[in-house]
Amino acid sequence: MAVFTVPNVSIKGLAVCVPSQIEDNKQLDLLAENERDLFIKTVGIRYRRVAPKGTIASDLCQKAAEKLLADLQWNPADISILVFITQTPDYIIPNTSSLLQHKLGLPKNCLVFDVNLGCSGYVYGLSIISGLLQNMPGGKALLLVGDVSTATISKQDKSTTPLFSDAGSATGLEYTTGQKMHFNLQTDGKEYDDIIVPDGGFRNRVSEQSFEMVEHEKGINRTALDMKLDGLRIFNFALREVAPNINELLSATNIDKENVDYFVFHQANLLMLESVRKKLQLTTDKVPYTLYNYGNTSSATIPLTMLVQLGQKLQSEPQKLVLSGFGVGLSWGSAYIETDKIVCSQLIEL
Amino acid sequence: MMQLEEFIKKFAECFNQTDAASITPETEFRKLDEWGSMMALIVIAMVDADYNKTVTSEDLKSANTVAQLFDVINRN
């Protein structure tokens with residue numbers, strides 16, 4: 001599918017919940033001292049939020065959703081759609097969104113489902129919800145997006161531990177005559193194993209071997225139940241695909257880059273994003289970052305960055321945004337949205 | 001077409017603690033103290049930005065010296 005447009009939908013509000021526990025890459029024993037400084041400078045991540053055992057993505061998203069519903073003054077009974085996007089669900093079976101529907105007090109006539117996507121999940125989620133909501137005049141929807149990626153990685157793996165952080169977000173969308181969103185969504189399953197947890201699904205069931213700690217390289221020790229990340233392949237993927245995807249979105253919709261207020265990228269890696277920014281010939285003031293303080297929170301980086309860095313603007317002025325998510329799948333996409341003084345809840349710490 | 005001399009200069013500029021003068025076509029870059037996964041990202045980003053070419057992890061593994069890396073990238 002090429003670029004497509006969804007009419008009559010807009011974002012009304014945004015809330016994000018992060019764990020209160022902070023880890024500092026400057027103190028990370030997994031990296032040698034000189035490696036720590038180079039990592040922080042190059043990848044851009046110093047602090048990470050780490051959920052304590054027992055706190056999972058749906059907990060963070062639930063807190064965000066409760067706060068958002070209260071701040072929007074929306075009655076849970078009026079929600080028509082709930083989509084929960086995560087790669088760290090409560091269970092393999094059932095879908096976590098059903099549990100969230102119950103916990104949030106949403107009505108039984110609410111359309112509810114999970115989507116398994118990571119770094120592209122927020123952009124995909126906006127497209128899924130807006131596609132459904134455009135047929136529901138008066139309808140309201142919740143997009144819950146978040147992960148506890150720190151629970152999927154080996155603490156003995158320096159290729160993942162310094163990167164990942166946890167967060168859950170809630171975005172309120174409403175049928176809005178005259179508003180629209182543009183999307184450009186893409187996939188390349190050929191590189192499905194660039195980011196993968198090999199065991200624990202149904203292709204490779206959990207076995208005794210799944211728990212064996214294996215040294216893949218010096219400083220990269222993990223089991224088959226931990227996430228593997230091929231950083232160089234992902235880096236090249238982002239350099240290759242992200243800028244053309246955004247250029248295609250803008251050219252197909254006749255949107256001038258100069259008229260976009262902000263480009264909000266998935267917060268993956270500073271060097272990577274700066275390379276993409278330069279390819280797009282964007283000035284630094286148009287590209288907000290939360291990498292240093294919050295790390296890579298997977299699917300939640302875009303709403304987190306919107307809230308933390310652009311919250312005041314989003315609340316007080318109409319804004320034109322390009323959002324771009326890319327990663328595991330490989331899956332990537334961009335969205336052009338216009339907001340009009342949306343509710344931005346204060347960042348929640350759990 | 002990349003020129004070897006210019007490539008070596010740009011390659012050396014990627015490093016912080018390694019003396020640029022010590023990097024020659026024969027330098028086995030993976031044996032440099034400073035070389036590691038971060039340096040690989042920095043070199044990939046430099047080649048992408050300055051030469052519009054892709055350096056893969058296979059390229060980095062298949063080349064031993066800077067000159068060999070230059071040849072591999074030129075073939076891409």
# chains A, B, ... in the order shown; residues from 1 in each chain; ligands from 1

$ select_by_dssp --residues "region 3-65 of chain B" --states "helix (DSSP H, G or I)" --output "JSON, numbers by chain"
{"B": [4, 5, 6, 7, 8, 9, 10, 11, 12, 13, 20, 21, 22, 29, 30, 31, 37, 38, 39, 40, 41, 42, 43, 44, 45, 46, 47, 48, 49, 50, 51, 57, 58, 59, 60, 61, 62]}

$ write_last_selection --atoms "N, CA and C atoms" --output "compact mmCIF listing (two decimals), in the first residue's frame"
# COMPACT_ATOMS: atom_id res chain seq x y z
N LEU B 4 41.27 6.66 -2.02
CA LEU B 4 41.76 6.00 -0.81
C LEU B 4 42.27 6.99 0.23
N GLU B 5 43.05 7.97 -0.25
CA GLU B 5 43.64 8.93 0.68
C GLU B 5 42.57 9.70 1.45
N GLU B 6 41.58 10.14 0.71
CA GLU B 6 40.49 10.90 1.35
C GLU B 6 39.71 10.01 2.32
N PHE B 7 39.49 8.76 1.92
CA PHE B 7 38.75 7.82 2.77
C PHE B 7 39.50 7.59 4.08
N ILE B 8 40.81 7.42 3.98
CA ILE B 8 41.59 7.17 5.20
C ILE B 8 41.52 8.38 6.14
N LYS B 9 41.56 9.57 5.56
CA LYS B 9 41.46 10.80 6.38
C LYS B 9 40.11 10.82 7.11
N LYS B 10 39.05 10.54 6.39
CA LYS B 10 37.71 10.57 7.01
C LYS B 10 37.55 9.43 8.01
N PHE B 11 38.12 8.28 7.67
CA PHE B 11 38.07 7.12 8.58
C PHE B 11 38.77 7.47 9.90
N ALA B 12 39.95 8.09 9.79
CA ALA B 12 40.73 8.46 10.98
C ALA B 12 39.99 9.50 11.82
N GLU B 13 39.25 10.39 11.15
CA GLU B 13 38.51 11.43 11.87
C GLU B 13 37.37 10.85 12.73
N ALA B 20 45.49 10.09 14.34
CA ALA B 20 45.12 9.98 12.92
C ALA B 20 46.32 9.56 12.07
N ALA B 21 47.51 10.04 12.46
CA ALA B 21 48.71 9.73 11.66
C ALA B 21 49.05 8.24 11.70
N SER B 22 48.53 7.55 12.73
CA SER B 22 48.86 6.13 12.85
C SER B 22 47.97 5.26 11.96
N PHE B 29 42.19 -2.35 11.29
CA PHE B 29 41.37 -1.45 12.12
C PHE B 29 40.67 -2.17 13.27
N ARG B 30 40.35 -3.44 13.07
CA ARG B 30 39.65 -4.15 14.16
C ARG B 30 40.57 -4.42 15.36
N LYS B 31 41.87 -4.26 15.12
CA LYS B 31 42.83 -4.47 16.22
C LYS B 31 43.12 -3.17 16.99
N SER B 37 31.83 -1.74 18.70
CA SER B 37 30.54 -1.60 18.00
C SER B 37 30.16 -0.13 17.80
N MET B 38 30.54 0.73 18.75
CA MET B 38 30.21 2.16 18.58
C MET B 38 30.98 2.75 17.41
N MET B 39 32.28 2.37 17.31
CA MET B 39 33.08 2.87 16.19
C MET B 39 32.54 2.37 14.86
N ALA B 40 32.02 1.14 14.86
CA ALA B 40 31.43 0.60 13.63
C ALA B 40 30.24 1.47 13.19
N LEU B 41 29.39 1.86 14.16
CA LEU B 41 28.25 2.72 13.82
C LEU B 41 28.71 4.06 13.27
N ILE B 42 29.77 4.60 13.90
CA ILE B 42 30.26 5.92 13.48
C ILE B 42 30.82 5.85 12.04
N VAL B 43 31.54 4.76 11.74
CA VAL B 43 32.09 4.60 10.38
C VAL B 43 30.95 4.39 9.37
N ILE B 44 29.96 3.58 9.74
CA ILE B 44 28.81 3.35 8.84
C ILE B 44 28.12 4.68 8.53
N ALA B 45 27.91 5.49 9.58
CA ALA B 45 27.23 6.78 9.39
C ALA B 45 28.06 7.71 8.51
N MET B 46 29.40 7.69 8.70
CA MET B 46 30.28 8.54 7.90
C MET B 46 30.23 8.14 6.43
N VAL B 47 30.32 6.85 6.15
CA VAL B 47 30.33 6.39 4.75
C VAL B 47 28.97 6.67 4.10
N ASP B 48 27.90 6.51 4.87
CA ASP B 48 26.56 6.80 4.34
C ASP B 48 26.44 8.28 3.99
N ALA B 49 26.91 9.14 4.90
CA ALA B 49 26.74 10.58 4.70
C ALA B 49 27.69 11.11 3.62
N ASP B 50 28.94 10.67 3.65
CA ASP B 50 29.94 11.27 2.76
C ASP B 50 30.05 10.59 1.40
N TYR B 51 29.68 9.31 1.34
CA TYR B 51 29.83 8.58 0.08
C TYR B 51 28.53 7.96 -0.43
N SER B 57 27.70 -5.22 8.30
CA SER B 57 28.56 -5.87 9.30
C SER B 57 29.43 -6.92 8.62
N GLU B 58 28.93 -7.51 7.53
CA GLU B 58 29.74 -8.48 6.78
C GLU B 58 30.94 -7.79 6.14
N ASP B 59 30.74 -6.56 5.64
CA ASP B 59 31.85 -5.80 5.05
C ASP B 59 32.93 -5.57 6.11
N LEU B 60 32.47 -5.19 7.32
CA LEU B 60 33.42 -4.89 8.39
C LEU B 60 34.18 -6.13 8.83
N LYS B 61 33.51 -7.29 8.72
CA LYS B 61 34.17 -8.54 9.13
C LYS B 61 35.10 -9.06 8.04
N SER B 62 34.73 -8.81 6.77
CA SER B 62 35.52 -9.40 5.67
C SER B 62 36.81 -8.63 5.42

$ closest_atom_pairs --of "chain A" --to "chain B" --cutoff "7 Å" --atoms "only C-alpha atoms" --output "JSON lines"
{"residue": "A:Phe39", "atom": "CA", "partner": "B:Met38", "partner_atom": "CA", "distance": 6.7}
{"residue": "A:Leu232", "atom": "CA", "partner": "B:Ser57", "partner_atom": "CA", "distance": 6.2}
{"residue": "A:Ser275", "atom": "CA", "partner": "B:Ala45", "partner_atom": "CA", "distance": 6.8}

$ write_last_selection --atoms "N, CA and C atoms" --output "compact mmCIF listing (two decimals), in the first residue's frame"
# COMPACT_ATOMS: atom_id res chain seq x y z
N PHE A 39 29.32 5.55 24.40
CA PHE A 39 27.95 5.11 24.19
C PHE A 39 26.97 6.27 24.40
N LEU A 232 23.89 -3.35 13.97
CA LEU A 232 24.41 -2.78 12.71
C LEU A 232 23.38 -2.91 11.59
N SER A 275 21.62 11.27 11.53
CA SER A 275 21.87 10.95 10.11
C SER A 275 20.59 11.12 9.31

$ atom_distance --atom1 "CA of Gln186 (chain A)" --atom2 "CA of Ala141 (chain A)"
24.0 Å

$ select_by_dssp --residues "region 100-146 of chain A" --states "strand (DSSP E)" --output "ChimeraX atom specification"
/A:111-115,140-146

$ write_last_selection --atoms "C-alpha atoms" --output "compact mmCIF listing (two decimals), in the first residue's frame"
# COMPACT_ATOMS: atom_id res chain seq x y z
CA LEU A 111 -14.21 -3.09 19.99
CA VAL A 112 -11.02 -4.33 21.64
CA PHE A 113 -7.90 -6.09 20.40
CA ASP A 114 -4.11 -6.40 20.74
CA VAL A 115 -1.51 -5.71 18.08
CA LYS A 140 -14.13 7.94 20.92
CA ALA A 141 -11.16 5.58 21.08
CA LEU A 142 -8.15 4.75 23.20
CA LEU A 143 -4.81 3.77 21.72
CA LEU A 144 -2.66 2.18 24.43
CA VAL A 145 0.94 1.62 23.40
CA GLY A 146 3.78 0.44 25.60

$ atom_distance --atom1 "CA of Leu270 (chain A)" --atom2 "CA of Gly44 (chain A)"
5.0 Å

$ closest_residue --among "A:Pro52, A:Asn221, A:Val9, A:Thr88" --to "Gly138 (chain A)" --atoms "only C-alpha atoms"
A:Val9

$ atom_distance --atom1 "CA of Asp37 (chain A)" --atom2 "CA of Asp230 (chain A)"
21.4 Å

$ residues_around --residues "Leu126 (chain A)" --least-positions-apart "6" --cutoff "12 Å" --atoms "only C-alpha atoms" --output "JSON list (two decimals) with C-alpha atoms, in the first residue's frame"
[["chain", "number", "residue", "atom", "x", "y", "z"],
["A", 5, "THR", "CA", -5.42, 9.29, 4.09],
["A", 6, "VAL", "CA", -8.01, 8.76, 6.82],
["A", 9, "VAL", "CA", -10.32, 11.67, 13.05],
["A", 10, "SER", "CA", -8.10, 13.61, 15.42],
["A", 11, "ILE", "CA", -6.07, 13.17, 18.60],
["A", 81, "ILE", "CA", -12.50, 1.21, 20.53],
["A", 82, "LEU", "CA", -9.49, 0.12, 22.58],
["A", 83, "VAL", "CA", -6.34, -1.05, 20.80],
["A", 84, "PHE", "CA", -3.38, -2.20, 22.89],
["A", 85, "ILE", "CA", -0.06, -2.38, 21.06],
["A", 115, "VAL", "CA", -1.51, -5.71, 18.08],
["A", 120, "SER", "CA", 6.53, 1.23, 14.53],
["A", 132, "LEU", "CA", -12.10, 2.21, 12.36],
["A", 133, "LEU", "CA", -13.14, 5.49, 13.97],
["A", 134, "GLN", "CA", -13.81, 7.26, 10.66],
["A", 141, "ALA", "CA", -11.16, 5.58, 21.08],
["A", 142, "LEU", "CA", -8.15, 4.75, 23.20],
["A", 143, "LEU", "CA", -4.81, 3.77, 21.72],
["A", 144, "LEU", "CA", -2.66, 2.18, 24.43],
["A", 145, "VAL", "CA", 0.94, 1.62, 23.40],
["A", 170, "ALA", "CA", -2.52, 6.36, 26.22],
["A", 171, "THR", "CA", -3.79, 8.46, 23.34],
["A", 172, "GLY", "CA", -7.42, 9.57, 23.06],
["A", 173, "LEU", "CA", -8.84, 9.91, 19.57],
["A", 174, "GLU", "CA", -12.25, 11.17, 18.48],
["A", 180, "LYS", "CA", -7.51, 13.94, 8.68],
["A", 181, "MET", "CA", -4.33, 11.94, 9.03],
["A", 182, "HIS", "CA", -1.95, 10.74, 6.32],
["A", 183, "PHE", "CA", 0.05, 7.51, 6.58],
["A", 184, "ASN", "CA", 2.86, 5.69, 4.78],
["A", 185, "LEU", "CA", 3.31, 2.20, 6.28],
["A", 299, "SER", "CA", 6.56, 1.65, 20.91],
["A", 302, "ILE", "CA", 6.85, 8.81, 20.07],
["A", 303, "PRO", "CA", 4.03, 9.64, 22.52],
["A", 323, "LEU", "CA", 5.67, 10.98, 13.32],
["A", 324, "SER", "CA", 8.06, 8.22, 12.26],
["A", 325, "GLY", "CA", 8.43, 4.78, 13.82],
["A", 333, "GLY", "CA", 5.94, 3.99, 8.84],
["A", 334, "SER", "CA", 5.23, 7.67, 9.11],
["A", 335, "ALA", "CA", 2.17, 9.77, 9.79],
["A", 336, "TYR", "CA", 1.29, 13.38, 9.21],
["A", 337, "ILE", "CA", -1.16, 14.70, 11.78]]

$ residues_around --residues "region 63-74 of chain B" --least-positions-apart "4" --cutoff "6 Å" --atoms "only C-alpha atoms" --output "VMD selection string"
chain B and resid 25 to 29

$ write_last_selection --atoms "C-alpha atoms" --output "CSV table (one decimal), in the first residue's frame"
chain,number,residue,atom,x,y,z
B,25,PRO,CA,46.1,1.7,4.3
B,26,GLU,CA,47.7,-1.3,6.1
B,27,THR,CA,46.2,-0.6,9.5
B,28,GLU,CA,44.2,-3.6,10.8
B,29,PHE,CA,41.4,-1.5,12.1
